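Listing of final-v4.pdb, PDB, C-alpha atoms, pLDDT in the B column
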MODEL        1
ATOM      1  CA  MET A  18     -47.228 -38.670 -14.767  1.00 50.00           C
ATOM      2  CA  SER A  19     -49.566 -35.978 -16.017  1.00 61.00           C
ATOM      3  CA  VAL A  20     -47.528 -33.348 -14.129  1.00 60.00           C
ATOM      4  CA  LEU A  21     -44.635 -33.869 -16.571  1.00 58.00           C
ATOM      5  CA  LYS A  22     -46.705 -34.033 -19.777  1.00 67.00           C
ATOM      6  CA  ASP A  23     -45.457 -30.588 -20.894  1.00 70.00           C
ATOM      7  CA  THR A  24     -41.779 -31.324 -20.228  1.00 78.00           C
ATOM      8  CA  LEU A  25     -39.241 -30.370 -22.896  1.00 80.00           C
ATOM      9  CA  LYS A  26     -37.968 -33.417 -24.742  1.00 82.00           C
ATOM     10  CA  ILE A  27     -34.325 -34.173 -25.492  1.00 81.00           C
ATOM     11  CA  TYR A  28     -33.219 -33.808 -29.149  1.00 81.00           C
ATOM     12  CA  HIS A  29     -36.175 -31.525 -29.939  1.00 82.00           C
ATOM     13  CA  THR A  30     -35.687 -27.869 -30.876  1.00 81.00           C
ATOM     14  CA  TYR A  31     -37.587 -25.159 -28.995  1.00 82.00           C
ATOM     15  CA  THR A  32     -37.936 -21.401 -29.130  1.00 82.00           C
ATOM     16  CA  ILE A  33     -37.589 -20.210 -25.534  1.00 83.00           C
ATOM     17  CA  SER A  34     -38.200 -16.669 -24.313  1.00 85.00           C
ATOM     18  CA  ASN A  35     -38.059 -15.042 -20.883  1.00 83.00           C
ATOM     19  CA  ALA A  36     -35.543 -17.566 -19.561  1.00 84.00           C
ATOM     20  CA  VAL A  37     -33.078 -16.309 -16.969  1.00 86.00           C
ATOM     21  CA  VAL A  38     -29.349 -17.046 -17.128  1.00 88.00           C
ATOM     22  CA  ASN A  39     -27.462 -16.783 -13.852  1.00 88.00           C
ATOM     23  CA  GLU A  40     -23.908 -17.390 -12.774  1.00 90.00           C
ATOM     24  CA  THR A  41     -23.727 -20.625 -10.804  1.00 87.00           C
ATOM     25  CA  PRO A  42     -21.696 -20.515  -7.576  1.00 88.00           C
ATOM     26  CA  PRO A  43     -18.974 -23.203  -7.633  1.00 87.00           C
ATOM     27  CA  LYS A  44     -20.414 -25.042  -4.613  1.00 87.00           C
ATOM     28  CA  HIS A  45     -23.733 -25.580  -6.470  1.00 82.00           C
ATOM     29  CA  ARG A  46     -22.295 -26.812  -9.776  1.00 83.00           C
ATOM     30  CA  VAL A  47     -23.038 -30.382 -10.783  1.00 82.00           C
ATOM     31  CA  ILE A  48     -21.001 -30.040 -13.983  1.00 82.00           C
ATOM     32  CA  ASP A  49     -18.265 -27.564 -14.860  1.00 84.00           C
ATOM     33  CA  ASN A  50     -20.491 -24.760 -16.195  1.00 84.00           C
ATOM     34  CA  ASP A  51     -20.221 -21.170 -15.017  1.00 87.00           C
ATOM     35  CA  HIS A  52     -23.855 -20.374 -15.859  1.00 86.00           C
ATOM     36  CA  GLN A  53     -27.250 -22.041 -15.653  1.00 83.00           C
ATOM     37  CA  TRP A  54     -30.609 -21.517 -17.358  1.00 81.00           C
ATOM     38  CA  LEU A  55     -33.593 -21.012 -15.096  1.00 79.00           C
ATOM     39  CA  LEU A  56     -36.996 -21.788 -16.571  1.00 79.00           C
ATOM     40  CA  TYR A  57     -40.029 -20.571 -14.637  1.00 79.00           C
ATOM     41  CA  GLY A  58     -43.764 -20.846 -15.144  1.00 78.00           C
ATOM     42  CA  ARG A  59     -43.680 -17.571 -17.082  1.00 81.00           C
ATOM     43  CA  THR A  60     -40.966 -18.904 -19.421  1.00 83.00           C
ATOM     44  CA  GLN A  61     -42.522 -19.406 -22.825  1.00 84.00           C
ATOM     45  CA  SER A  62     -41.457 -22.354 -24.957  1.00 83.00           C
ATOM     46  CA  LYS A  63     -42.695 -23.506 -28.316  1.00 84.00           C
ATOM     47  CA  ARG A  64     -41.586 -26.560 -30.285  1.00 84.00           C
ATOM     48  CA  SER A  65     -39.788 -25.481 -33.436  1.00 82.00           C
ATOM     49  CA  LYS A  66     -39.228 -27.351 -36.676  1.00 79.00           C
ATOM     50  CA  LEU A  67     -36.001 -25.475 -37.396  1.00 69.00           C
ATOM     51  CA  ASN A  68     -32.947 -27.612 -38.026  1.00 63.00           C
ATOM     52  CA  HIS A  69     -30.424 -25.063 -36.778  1.00 63.00           C
ATOM     53  CA  LEU A  70     -29.783 -23.186 -33.565  1.00 63.00           C
ATOM     54  CA  ALA A  71     -29.550 -19.423 -33.165  1.00 62.00           C
ATOM     55  CA  PHE A  72     -28.634 -17.555 -30.008  1.00 61.00           C
ATOM     56  CA  GLU A  73     -29.731 -14.025 -29.281  1.00 62.00           C
ATOM     57  CA  LEU A  74     -28.648 -12.078 -26.214  1.00 57.00           C
TER      58      LEU A  74
ENDMDL
END
The structure given in the file should be rewritten as structure tokens.
Amino acid sequence: MSVLKDTLKIYHTYTISNAVVNETPPKHRVIDNDHQWLLYGRTQSKRSKLNHLAFEL
């Protein structure tokens, strides 16, 4: 499917900016997480060759 050609791939590391993190209401949770990441068309992602993760709030 060409629509999914730019999909993020599992086990790859990405730099993601402009993502939104929201609290997930209990009735909408599929797994036991309080928050969810929302990625929109304006969310920028770039494949990274870094071998570590860093979180910045």
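Distance-wise, CA of Tyr31 (chain A) and CA of Asp51 (chain A) end up 22.6 Å apart.
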- [ ] Name the residues that the PyMOL selection byres ((chain A and resi 53) around 8) picks from the file above, as a VMD selection string, using the file's chain letters and numbers.
- [x] chain A and resid 38 to 41 50 to 52 54 to 55
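Atom to atom, CA of Tyr57 (chain A) and CA of Tyr28 (chain A) stand 20.8 Å apart.
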Open item on the list: With all atoms listed in the file as the counted atoms, please give the residues lying no more than 7 Å from Thr32 (chain A), apart from itself and same-chain residues fewer than 6 positions off, as a ChimeraX atom specification.
Closed with: /A:62-65
Open item on the list: Could you tell me how far CA of Gln61 (chain A) sits from CA of Ile33 (chain A), in Å to one decimal place?
Closed with: 5.7 Å
Written record: region 18-64 of chain A, C-alpha atoms, as a PDB file, in the first residue's frame:
ATOM      1  CA  MET A  18       0.000   0.000   0.000  1.00  0.00           C
ATOM      2  CA  SER A  19       1.586   3.258  -1.072  1.00  0.00           C
ATOM      3  CA  VAL A  20      -0.493   5.118   1.546  1.00  0.00           C
ATOM      4  CA  LEU A  21       1.554   3.462   4.315  1.00  0.00           C
ATOM      5  CA  LYS A  22       4.992   3.836   2.692  1.00  0.00           C
ATOM      6  CA  ASP A  23       6.009   6.546   5.201  1.00  0.00           C
ATOM      7  CA  THR A  24       4.871   4.609   8.277  1.00  0.00           C
ATOM      8  CA  LEU A  25       7.215   4.443  11.268  1.00  0.00           C
ATOM      9  CA  LYS A  26       8.828   1.034  11.569  1.00  0.00           C
ATOM     10  CA  ILE A  27       9.099  -0.999  14.763  1.00  0.00           C
ATOM     11  CA  TYR A  28      12.593  -1.274  16.325  1.00  0.00           C
ATOM     12  CA  HIS A  29      13.793   1.847  14.484  1.00  0.00           C
ATOM     13  CA  THR A  30      14.730   5.033  16.342  1.00  0.00           C
ATOM     14  CA  TYR A  31      13.155   8.349  15.335  1.00  0.00           C
ATOM     15  CA  THR A  32      13.405  11.975  16.364  1.00  0.00           C
ATOM     16  CA  ILE A  33       9.817  13.190  16.712  1.00  0.00           C
ATOM     17  CA  SER A  34       8.751  16.789  17.270  1.00  0.00           C
ATOM     18  CA  ASN A  35       5.362  18.474  17.600  1.00  0.00           C
ATOM     19  CA  ALA A  36       3.685  15.315  18.889  1.00  0.00           C
ATOM     20  CA  VAL A  37       0.829  15.786  21.336  1.00  0.00           C
ATOM     21  CA  VAL A  38       0.502  13.779  24.551  1.00  0.00           C
ATOM     22  CA  ASN A  39      -2.979  13.566  26.031  1.00  0.00           C
ATOM     23  CA  GLU A  40      -4.508  11.819  28.994  1.00  0.00           C
ATOM     24  CA  THR A  41      -6.546   8.857  27.791  1.00  0.00           C
ATOM     25  CA  PRO A  42     -10.002   8.449  29.356  1.00  0.00           C
ATOM     26  CA  PRO A  43     -10.339   4.977  30.931  1.00  0.00           C
ATOM     27  CA  LYS A  44     -13.188   3.954  28.605  1.00  0.00           C
ATOM     28  CA  HIS A  45     -10.939   4.500  25.540  1.00  0.00           C
ATOM     29  CA  ARG A  46      -7.864   2.638  26.803  1.00  0.00           C
ATOM     30  CA  VAL A  47      -6.839  -0.500  24.954  1.00  0.00           C
ATOM     31  CA  ILE A  48      -3.916  -1.095  27.321  1.00  0.00           C
ATOM     32  CA  ASP A  49      -3.343   0.202  30.838  1.00  0.00           C
ATOM     33  CA  ASN A  50      -1.685   3.521  29.919  1.00  0.00           C
ATOM     34  CA  ASP A  51      -2.819   6.854  31.318  1.00  0.00           C
ATOM     35  CA  HIS A  52      -1.511   8.821  28.322  1.00  0.00           C
ATOM     36  CA  GLN A  53      -1.320   8.467  24.556  1.00  0.00           C
ATOM     37  CA  TRP A  54       0.803  10.030  21.815  1.00  0.00           C
ATOM     38  CA  LEU A  55      -1.055  11.691  18.975  1.00  0.00           C
ATOM     39  CA  LEU A  56       0.822  12.068  15.705  1.00  0.00           C
ATOM     40  CA  TYR A  57      -0.691  14.390  13.110  1.00  0.00           C
ATOM     41  CA  GLY A  58       0.278  15.413   9.602  1.00  0.00           C
ATOM     42  CA  ARG A  59       2.252  18.322  11.062  1.00  0.00           C
ATOM     43  CA  THR A  60       4.204  15.978  13.365  1.00  0.00           C
ATOM     44  CA  GLN A  61       7.767  15.843  12.120  1.00  0.00           C
ATOM     45  CA  SER A  62       9.691  12.580  12.295  1.00  0.00           C
ATOM     46  CA  LYS A  63      13.157  11.729  11.109  1.00  0.00           C
ATOM     47  CA  ARG A  64      14.912   8.364  11.269  1.00  0.00           C
TER      48      ARG A  64
END
